[in-house]
$ cat my_file.cif   # mmCIF, C-alpha atoms
data_work
loop_
_atom_site.label_atom_id
_atom_site.label_comp_id
_atom_site.auth_asym_id
_atom_site.auth_seq_id
_atom_site.Cartn_x
_atom_site.Cartn_y
_atom_site.Cartn_z
CA MET A 1 0.00 0.00 0.00
CA TYR A 2 2.99 2.29 0.19
CA GLY A 3 2.60 4.91 -2.49
CA SER A 4 4.89 5.90 -5.31
CA ASP A 5 4.84 8.86 -7.63
CA HIS A 6 3.74 8.49 -11.26
CA ASN A 7 4.51 10.83 -14.13
CA LYS A 8 1.01 11.91 -15.14
CA GLU A 9 -0.40 15.29 -15.93
CA ASP A 10 -2.46 16.80 -13.12
CA SER A 11 -5.51 16.75 -15.35
CA GLU A 12 -5.28 12.95 -15.52
CA ARG A 13 -5.08 12.50 -11.76
CA THR A 14 -7.96 11.89 -9.40
CA ALA A 15 -8.68 14.52 -6.75
CA PHE A 16 -7.15 12.21 -4.15
CA ARG A 17 -4.01 11.71 -6.23
CA ARG A 18 -3.63 15.45 -6.75
CA ALA A 19 -3.76 15.96 -2.99
CA GLU A 20 -1.15 13.24 -2.49
CA LYS A 21 1.10 14.99 -4.99
CA LYS A 22 0.50 18.36 -3.34
CA TYR A 23 1.75 17.22 0.08
CA LYS A 24 4.34 14.62 -0.92
CA LEU A 25 8.00 15.26 -0.12
CA TYR A 26 9.89 16.62 -3.12
CA TYR A 27 13.37 18.07 -3.25
CA ASP A 28 14.61 21.23 -4.91
CA ASN A 29 16.38 20.08 -8.06
CA ASN A 30 18.24 23.37 -8.21
CA SER A 31 20.24 22.39 -5.13
CA SER A 32 23.95 22.08 -5.88
CA SER A 33 24.34 18.89 -3.84
CA LYS A 34 23.89 15.52 -5.54
CA ASN A 35 23.09 13.91 -2.20
CA LYS A 36 19.30 13.84 -1.78
CA LYS A 37 19.61 14.01 2.00
CA LYS A 38 21.41 17.34 1.67
CA LYS A 39 18.94 18.83 -0.78
CA LEU A 40 16.33 21.19 0.56
CA PRO A 41 12.69 20.00 0.54
CA LYS A 42 10.41 22.00 -1.68
CA PRO A 43 8.09 24.24 0.36
CA VAL A 44 4.53 22.97 0.85
CA ASP A 45 1.41 25.09 1.33
CA LEU A 46 -0.07 23.82 4.60
CA THR A 47 -2.72 26.51 5.03
CA GLU A 48 -5.58 24.12 4.18
CA VAL A 49 -4.46 21.36 6.57
CA LEU A 50 -6.82 20.86 9.53
CA ASP A 51 -4.97 21.22 12.82
CA PHE A 52 -6.96 19.55 15.60
CA SER A 53 -4.40 20.59 18.20
CA SER A 54 -5.13 24.23 17.41
CA ILE A 55 -8.86 23.49 17.22
CA LEU A 56 -8.67 21.94 20.70
CA GLN A 57 -6.87 24.95 22.13
CA CYS A 58 -9.37 27.32 20.56
CA HIS A 59 -12.24 25.23 21.90
CA TYR A 60 -10.80 25.35 25.40
CA ARG A 61 -10.10 29.07 25.16
CA ASN A 62 -13.38 30.43 23.77
CA ASN A 63 -15.61 27.41 23.11
CA GLU A 64 -15.47 27.97 19.34
CA LEU A 65 -15.17 25.41 16.54
CA PRO A 66 -14.52 25.80 12.81
CA PRO A 67 -17.40 25.13 10.40
CA GLY A 68 -18.18 21.45 9.91
CA VAL A 69 -16.42 20.33 13.11
CA THR A 70 -18.37 19.09 16.14
CA VAL A 71 -17.19 17.91 19.56
CA LEU A 72 -18.26 15.10 21.90
CA HIS A 73 -17.58 15.05 25.62
CA ASP A 74 -19.72 12.28 26.98
CA LYS A 75 -17.84 9.06 26.29
CA ILE A 76 -14.20 9.58 27.31
CA ILE A 77 -12.35 12.27 29.19
CA SER A 78 -10.58 13.88 26.22
CA PRO A 79 -12.68 15.90 23.74
CA VAL A 80 -13.50 13.91 20.61
CA PHE A 81 -13.96 15.79 17.34
CA SER A 82 -16.06 14.65 14.40
CA LEU A 83 -16.71 15.98 10.91
CA GLN A 84 -20.25 16.64 9.74
CA ASN A 85 -19.52 15.52 6.17
CA ARG A 86 -17.65 12.33 7.23
CA PRO A 87 -20.01 10.35 9.50
CA GLY A 88 -18.18 7.72 11.52
CA PHE A 89 -14.85 9.59 11.61
CA TYR A 90 -13.53 10.72 14.99
CA PHE A 91 -10.32 12.52 15.94
CA ILE A 92 -8.99 12.53 19.51
CA PRO A 93 -5.98 14.88 19.75
CA GLY A 94 -3.38 13.98 22.37
CA ALA A 95 -5.33 10.95 23.58
CA LEU A 96 -2.19 9.02 24.57
CA SER A 97 -0.08 10.12 27.52
CA ILE A 98 3.64 10.67 26.95
CA GLU A 99 4.40 7.57 29.02
CA LYS A 100 2.01 5.48 26.90
CA GLN A 101 3.52 6.82 23.67
CA CYS A 102 7.02 5.85 24.80
CA SER A 103 5.83 2.43 25.94
CA LEU A 104 4.15 1.75 22.58
CA ILE A 105 7.24 2.91 20.67
CA ARG A 106 9.36 0.41 22.60
CA GLU A 107 6.86 -2.39 22.01
CA SER A 108 6.53 -1.54 18.30
CA LEU A 109 10.27 -2.01 17.82
CA ILE A 110 11.05 -4.81 20.28
CA ASP A 111 7.93 -6.96 20.66
CA PHE A 112 5.52 -6.40 17.79
CA PRO A 113 7.87 -7.61 14.98
CA GLN A 114 8.61 -10.84 16.90
CA PRO A 115 7.48 -14.16 15.34
CA PRO A 116 4.88 -15.53 14.96
CA ASN A 117 3.91 -11.97 14.02
CA ARG A 118 4.76 -11.50 10.36
CA THR A 119 6.59 -8.52 8.85
CA ASN A 120 7.49 -7.40 5.34
CA HIS A 121 10.85 -9.16 5.87
CA ASN A 122 9.28 -12.64 6.03
CA VAL A 123 9.07 -13.11 2.28
CA ILE A 124 12.86 -12.77 1.89
CA TYR A 125 14.39 -13.79 5.22
CA GLY A 126 11.70 -15.83 6.92
CA PRO A 127 10.88 -15.11 10.58
CA ILE A 128 13.52 -12.95 12.27
CA HIS A 129 13.84 -12.98 16.03
CA ASN A 130 15.10 -10.03 18.08
CA LEU A 131 15.74 -7.74 15.13
CA PHE A 132 15.92 -4.45 17.02
CA VAL A 133 18.19 -5.94 19.70
CA ALA A 134 20.47 -7.29 16.95
CA ALA A 135 20.61 -3.82 15.38
CA LYS A 136 21.47 -2.28 18.75
CA ASP A 137 24.29 -4.83 19.11
CA GLY A 138 25.62 -4.09 15.61
CA LYS A 139 24.90 -7.56 14.22
CA VAL A 140 24.64 -8.67 10.60
CA LEU A 141 22.17 -11.14 9.08
CA VAL A 142 23.97 -13.61 6.80
CA GLU A 143 22.78 -16.40 4.54
CA GLU A 144 24.29 -19.84 4.99
CA ASN A 145 23.88 -22.03 1.92
CA TYR A 146 22.96 -25.39 3.33
CA PRO A 147 19.57 -27.11 3.72
CA VAL A 148 17.64 -26.50 6.91
CA THR A 149 14.70 -28.68 7.91
CA SER A 150 13.68 -27.20 11.24
CA SER A 151 14.14 -24.15 13.43
CA GLU A 152 14.84 -23.75 17.11
CA PRO A 153 12.19 -21.55 18.76
CA GLY A 154 13.57 -18.32 20.14
CA THR A 155 16.81 -18.35 18.11
CA ASP A 156 17.96 -15.35 16.06
CA ILE A 157 17.50 -17.20 12.78
CA GLY A 158 15.28 -16.93 9.75
CA TYR A 159 14.64 -19.62 7.13
CA ILE A 160 13.47 -19.54 3.54
CA ASP A 161 13.89 -21.77 0.47
CA GLY A 162 15.94 -24.29 2.40
CA LYS A 163 18.52 -21.67 3.39
CA GLU A 164 19.37 -20.34 6.80
CA TRP A 165 19.72 -16.70 7.75
CA LYS A 166 21.40 -16.02 11.07
CA PHE A 167 22.81 -13.07 12.97
CA ILE A 168 26.56 -12.75 13.45
CA THR A 169 28.71 -9.96 14.83
CA GLU A 170 30.40 -7.60 12.39
CA LYS A 171 33.76 -8.95 13.58
CA GLU A 172 33.04 -12.31 11.96
CA GLU A 173 34.16 -10.97 8.56
CA PRO A 174 35.29 -14.30 7.04
CA LEU A 175 31.78 -15.73 7.29
CA ARG A 176 30.25 -12.46 6.13
CA ARG A 177 32.39 -12.38 2.98
CA LYS A 178 31.28 -15.87 1.97
CA CYS A 179 27.55 -15.17 2.24
CA ARG A 180 24.88 -12.71 1.26
CA SER A 181 24.44 -10.36 4.18
CA ILE A 182 22.60 -7.29 5.43
CA SER A 183 23.06 -5.37 8.65
CA ALA A 184 20.36 -5.60 11.28
CA SER A 185 20.24 -1.80 11.43
CA ALA A 186 19.45 -1.70 7.69
CA LEU A 187 16.67 -4.23 8.23
CA VAL A 188 15.19 -2.07 10.98
CA ARG A 189 15.15 0.89 8.59
CA LYS A 190 13.53 -1.29 5.92
CA LEU A 191 10.83 -2.50 8.32
CA ARG A 192 7.51 -1.32 6.89
CA TRP A 193 4.85 -3.36 8.67
CA SER A 194 4.18 -6.04 11.24
CA THR A 195 0.88 -7.79 12.00
CA LEU A 196 -0.48 -8.65 15.44
CA GLY A 197 -3.24 -11.10 16.32
CA LEU A 198 -4.90 -12.65 13.27
CA GLN A 199 -2.39 -12.44 10.44
CA PHE A 200 -3.22 -10.55 7.26
CA ASP A 201 -2.17 -12.13 3.95
CA TRP A 202 -1.17 -9.19 1.76
CA SER A 203 -0.98 -11.28 -1.42
CA LYS A 204 -4.56 -12.58 -1.03
CA ARG A 205 -5.86 -9.48 0.80
CA ASN A 206 -7.57 -11.43 3.56
CA TYR A 207 -7.01 -12.70 7.08
CA ASP A 208 -5.49 -16.19 7.09
CA VAL A 209 -6.75 -17.78 10.30
CA SER A 210 -4.56 -20.84 9.62
CA LEU A 211 -1.34 -18.87 10.16
CA PRO A 212 0.23 -19.19 13.63
CA HIS A 213 -0.46 -16.14 15.75
CA ASN A 214 -0.65 -14.81 19.28
CA LYS A 215 -3.49 -12.75 20.66
CA ILE A 216 -3.03 -8.98 20.67
CA PRO A 217 -1.32 -7.96 23.95
CA GLU A 218 -3.90 -7.42 26.66
CA ALA A 219 -2.80 -3.87 27.46
CA LEU A 220 -3.19 -2.84 23.81
CA CYS A 221 -6.61 -4.54 23.69
CA GLU A 222 -7.83 -2.66 26.74
CA LEU A 223 -6.53 0.64 25.37
CA ALA A 224 -8.29 0.06 22.04
CA LYS A 225 -11.54 -0.86 23.77
CA GLN A 226 -11.47 2.34 25.80
CA LEU A 227 -10.62 4.56 22.83
CA SER A 228 -13.24 2.95 20.56
CA GLN A 229 -16.19 4.06 22.71
CA PRO A 230 -17.05 7.30 20.82
CA ALA A 231 -17.54 5.31 17.62
CA LEU A 232 -19.87 2.69 19.14
CA PRO A 233 -23.50 2.70 20.27
CA ALA A 234 -24.04 2.36 24.00
CA GLY A 235 -23.61 -1.22 25.16
CA VAL A 236 -21.75 -2.42 22.04
CA GLU A 237 -18.27 -3.81 22.68
CA PHE A 238 -15.21 -3.58 20.43
CA LYS A 239 -13.26 -6.86 20.25
CA PRO A 240 -9.68 -6.34 19.01
CA GLU A 241 -8.64 -9.33 16.93
CA ALA A 242 -5.92 -7.99 14.62
CA ALA A 243 -3.62 -5.02 14.27
CA ILE A 244 -1.29 -3.70 11.59
CA VAL A 245 1.73 -1.68 12.65
CA ASN A 246 3.04 0.63 9.92
CA TYR A 247 6.57 2.05 10.08
CA PHE A 248 7.33 5.23 8.13
CA GLY A 249 10.74 6.71 7.35
CA LEU A 250 11.88 9.69 5.31
CA GLY A 251 9.91 9.92 2.07
CA ASP A 252 7.60 6.99 2.89
CA THR A 253 3.93 7.35 2.04
CA LEU A 254 0.79 5.27 2.41
CA GLY A 255 -1.23 5.51 -0.78
CA GLY A 256 -4.98 6.10 -0.81
CA HIS A 257 -6.82 2.91 0.11
CA LEU A 258 -9.80 1.37 1.90
CA ASP A 259 -9.63 -0.91 4.93
CA ASP A 260 -12.34 -3.21 3.66
CA MET A 261 -11.35 -6.76 4.59
CA GLU A 262 -13.12 -6.93 7.94
CA ALA A 263 -16.59 -8.50 8.12
CA ASP A 264 -18.38 -5.76 10.08
CA TRP A 265 -17.66 -2.18 9.03
CA SER A 266 -19.78 -0.76 11.84
CA LYS A 267 -16.90 -1.62 14.18
CA PRO A 268 -14.21 1.04 14.18
CA ILE A 269 -10.58 0.89 13.22
CA VAL A 270 -8.65 2.39 16.14
CA SER A 271 -5.55 4.13 14.80
CA LEU A 272 -2.73 5.34 17.08
CA SER A 273 -0.03 7.78 15.94
CA LEU A 274 3.49 7.74 17.36
CA GLY A 275 6.59 9.73 16.45
CA CYS A 276 7.05 12.38 13.80
CA LYS A 277 4.10 14.48 12.66
CA ALA A 278 2.33 13.41 9.47
CA ILE A 279 -0.34 14.59 7.05
CA PHE A 280 -3.40 12.36 6.83
CA LEU A 281 -5.80 12.53 3.88
CA LEU A 282 -9.44 11.60 4.41
CA GLY A 283 -11.32 11.36 1.13
CA GLY A 284 -14.78 10.19 0.14
CA LYS A 285 -16.17 7.00 -1.32
CA SER A 286 -14.52 7.78 -4.65
CA LYS A 287 -10.99 8.95 -5.33
CA GLU A 288 -12.62 11.73 -7.35
CA ASP A 289 -13.89 13.25 -4.09
CA PRO A 290 -11.49 15.95 -2.84
CA PRO A 291 -9.94 14.76 0.44
CA LEU A 292 -9.52 16.69 3.66
CA ALA A 293 -5.94 17.03 4.90
CA MET A 294 -5.14 17.05 8.60
CA PHE A 295 -2.08 16.81 10.84
CA LEU A 296 -1.44 13.67 12.86
CA ARG A 297 0.88 14.13 15.83
CA SER A 298 2.35 11.64 18.26
CA GLY A 299 -0.36 10.70 20.73
CA ASP A 300 -3.30 11.45 18.42
CA VAL A 301 -5.96 8.80 17.86
CA VAL A 302 -8.27 8.41 14.86
CA LEU A 303 -11.41 6.25 14.75
CA MET A 304 -13.03 5.18 11.49
CA ALA A 305 -16.39 3.39 11.64
CA GLY A 306 -19.59 3.06 9.61
CA GLU A 307 -19.63 5.30 6.53
CA ALA A 308 -16.08 6.46 7.21
CA ARG A 309 -14.90 2.89 6.58
CA GLU A 310 -15.92 3.45 2.95
CA CYS A 311 -13.73 6.55 2.61
CA PHE A 312 -10.36 6.47 0.90
CA HIS A 313 -7.52 7.60 3.14
CA GLY A 314 -3.74 7.71 3.18
CA VAL A 315 -0.58 9.40 4.44
CA PRO A 316 1.34 11.40 1.80
CA ARG A 317 3.94 12.96 4.09
CA ILE A 318 5.79 12.73 7.39
CA PHE A 319 7.95 15.52 8.79
CA ILE A 320 11.30 14.55 10.29
CA ASP A 321 12.92 17.98 10.52
CA LYS A 322 13.26 19.33 14.05
CA GLU A 323 11.00 22.32 13.36
CA ASN A 324 8.02 20.32 12.10
CA ALA A 325 8.36 16.82 13.61
CA GLU A 326 7.00 18.03 16.96
CA ILE A 327 8.45 15.24 19.10
CA GLY A 328 10.12 17.38 21.76
CA HIS A 329 8.01 15.71 24.46
CA LEU A 330 9.40 12.31 23.41
CA GLU A 331 12.96 13.61 23.35
CA ALA A 332 12.48 14.92 26.88
CA GLN A 333 11.12 11.55 28.05
CA LEU A 334 13.47 9.11 26.28
CA THR A 335 16.61 10.26 28.08
CA HIS A 336 17.66 7.08 29.87
CA GLU A 337 20.66 5.33 28.35
CA ASP A 338 18.52 2.28 27.53
CA ASP A 339 16.07 4.48 25.59
CA LEU A 340 18.56 6.27 23.34
CA CYS A 341 18.19 3.64 20.60
CA PHE A 342 14.42 4.21 20.56
CA LEU A 343 14.90 7.97 20.51
CA LYS A 344 17.33 7.77 17.59
CA TYR A 345 14.81 5.75 15.62
CA ILE A 346 11.73 7.85 16.35
CA GLN A 347 13.50 11.14 15.60
CA THR A 348 13.27 10.26 11.90
CA SER A 349 10.25 7.94 11.88
CA ARG A 350 6.55 7.58 12.46
CA ILE A 351 4.74 4.49 13.75
CA ASN A 352 1.03 3.87 13.24
CA ILE A 353 -0.80 1.08 15.10
CA ASN A 354 -4.30 0.36 13.78
CA ILE A 355 -6.41 -2.17 15.64
CA ARG A 356 -9.38 -3.98 14.09
CA GLN A 357 -12.23 -6.33 14.93
CA VAL A 358 -12.19 -8.87 12.10
CA PHE A 359 -15.39 -10.86 12.70
#
$ encode --input "my_file.cif" --output "structure tokens"
Amino acid sequence: MYGSDHNKEDSERTAFRRAEKKYKLYYDNNSSSKNKKKKLPKPVDLTEVLDFSSILQCHYRNNELPPGVTVLHDKIISPVFSLQNRPGFYFIPGALSIEKQCSLIRESLIDFPQPPNRTNHNVIYGPIHNLFVAAKDGKVLVEENYPVTSSEPGTDIGYIDGKEWKFITEKEEPLRRKCRSISASALVRKLRWSTLGLQFDWSKRNYDVSLPHNKIPEALCELAKQLSQPALPAGVEFKPEAAIVNYFGLGDTLGGHLDDMEADWSKPIVSLSLGCKAIFLLGGKSKEDPPLAMFLRSGDVVLMAGEARECFHGVPRIFIDKENAEIGHLEAQLTHEDDLCFLKYIQTSRININIRQVF
């Protein structure tokens, strides 16, 4: 689902695609440097982007709301905003405490990619254990070219096509030179998704209940149940059965799509934002409908239920520069020596956890 740019004239693009192009990260080609990382990003007009943090402050200050925005107070402590022209969509700014954000960042990097949870790396390397720890320790994943018939649970090894991938230290150069290899830190940066609970089969676009899986962690289930309340009728319970964790780095996008593989669309998708600020596009039931753009900051929560489940949505941009990333509260919290690896990652990344009821 990660988007890519196509060379089409604007007149040939849908309204959703034009919005993606408008907010996508582009670099100034007139820059003298040939290194993309040193080029300056092209300026983006952000005047039309909804800012629920500012809306919340204005609401607290003078009890005013912009046209088309309504507020709920009766179901959870934090104000919940909705949009009159997008029934079933709810935005809860700053719903997650700083402590909860940091805890979820740690889990998203240490625990959530652990087998039997699948990641985008499975198709090439098989299940990889303890990836983030291996990256922290400077290890390298190497391929050993001999048949493997079984795996030892809990070992730092992946298997595919009868070949074994295992972590070694960078000092073991003789073995590294004989095999295909990739550093664990590079694999962390190439991590794009992991799946919790019922496992989603991306090739078949459905949930494969036959795949080994663990239940979603209880703490995450309870959090999702609490946050889902504004999107549910009184007395109806949300039952978290699956979650997809998306990892975004510099230039990564999530193209316009529908989350339409769950059986009951009346149940919400509970979406948690962590790390660098992003732009979220919420369209209509057709990509020809002009989407609304809004900022997503670390700690924000979005709910999509009912009619909103039929709306195209995506993420065309994340901001990793210090001025716009808005993660100072995380930098102030992740100061312990053991947390510096998490801080280094999240300073240039965004993590999105979206929890679903499948059946």
$ residues_around --input "my_file.cif" --residues "stretch 184-195 of chain A" --least-positions-apart "2" --cutoff "10 Å" --atoms "only C-alpha atoms" --output "count of residues only"
55
$ atom_distance --input "my_file.cif" --atom1 "atom CA of A:Leu232" --atom2 "atom CA of A:Lys285"
21.2 Å
$ closest_atom_pairs --input "my_file.cif" --of "stretch 249-295 of chain A" --to "stretch 237-240 of chain A" --cutoff "10 Å" --atoms "all atoms listed in the file" --output "JSON lines"
{"residue": "A:Lys267", "atom": "CA", "partner": "A:Phe238", "partner_atom": "CA", "distance": 6.8}
{"residue": "A:Pro268", "atom": "CA", "partner": "A:Phe238", "partner_atom": "CA", "distance": 7.8}
{"residue": "A:Ile269", "atom": "CA", "partner": "A:Pro240", "partner_atom": "CA", "distance": 9.3}
{"residue": "A:Val270", "atom": "CA", "partner": "A:Pro240", "partner_atom": "CA", "distance": 9.2}
$ resolve_selection --input "my_file.cif" --expression "the PyMOL selection byres ((chain A and resi 46) around 12)" --output "PyMOL selection string"
chain A and resi 19+22-24+43-45+47-51+278-279+292-295+317+324
$ axis_aligned_box --input "my_file.cif" --around "stretch 302-316 of chain A" --padding-each-side "8 Å" --output "AutoDock Vina command-line options"
--center_x -9.1 --center_y 7.1 --center_z 7.9 --size_x 37.0 --size_y 24.5 --size_z 30.0
$ residues_around --input "my_file.cif" --residues "A:Ser97" --least-positions-apart "4" --cutoff "10 Å" --atoms "all atoms listed in the file" --output "ChimeraX atom specification"
/A:101-103,298-300
$ atom_distance --input "my_file.cif" --atom1 "atom CA of A:Leu340" --atom2 "atom CA of A:Pro127"
26.1 Å
$ resolve_selection --input "my_file.cif" --expression "the PyMOL selection byres ((chain A and resi 291) around 8)" --output "list in words"
Ala15, Phe16, Ala19, Leu281, Leu282, Gly283, Gly284, Asp289, Pro290, Leu292 and Ala293 of chain A
$ write_last_selection --input "my_file.cif" --atoms "C-alpha atoms" --output "compact mmCIF listing (two decimals), in the coordinates of the input"
# COMPACT_ATOMS: atom_id res chain seq x y z
CA ALA A 15 -8.68 14.52 -6.75
CA PHE A 16 -7.15 12.21 -4.15
CA ALA A 19 -3.76 15.96 -2.99
CA LEU A 281 -5.80 12.53 3.88
CA LEU A 282 -9.44 11.60 4.41
CA GLY A 283 -11.32 11.36 1.13
CA GLY A 284 -14.78 10.19 0.14
CA ASP A 289 -13.89 13.25 -4.09
CA PRO A 290 -11.49 15.95 -2.84
CA LEU A 292 -9.52 16.69 3.66
CA ALA A 293 -5.94 17.03 4.90
$ residues_around --input "my_file.cif" --residues "A:Gln84" --least-positions-apart "3" --cutoff "12 Å" --atoms "only C-alpha atoms" --output "list in words"
Pro66, Pro67, Gly68, Val69, Thr70, Val71, Phe81, Pro87, Gly88, Phe89, Tyr90, Glu307 and Ala308 of chain A
$ atom_distance --input "my_file.cif" --atom1 "atom CA of A:Leu254" --atom2 "atom CA of A:Pro41"
19.0 Å
$ closest_residue --input "my_file.cif" --among "A:Leu25, A:Ala305, A:Arg297, A:Ile124" --to "A:Ser54" --atoms "all atoms listed in the file"
A:Arg297
$ resolve_selection --input "my_file.cif" --expression "the PyMOL selection byres ((chain A and resi 206) around 12)" --output "list in words"
Leu198, Gln199, Phe200, Asp201, Trp202, Ser203, Lys204, Arg205, Tyr207, Asp208, Val209, Ser210, Leu211, Ala242, Asp259, Asp260, Met261, Glu262, Ala263 and Val358 of chain A
$ closest_residue --input "my_file.cif" --among "A:Cys311, A:Gly94, A:Glu218, A:Ile128" --to "A:Ile110" --atoms "only C-alpha atoms"
A:Ile128
$ closest_residue --input "my_file.cif" --among "A:Arg106, A:Arg61, A:Lys277, A:Lys215" --to "A:Glu323" --atoms "only C-alpha atoms"
A:Lys277
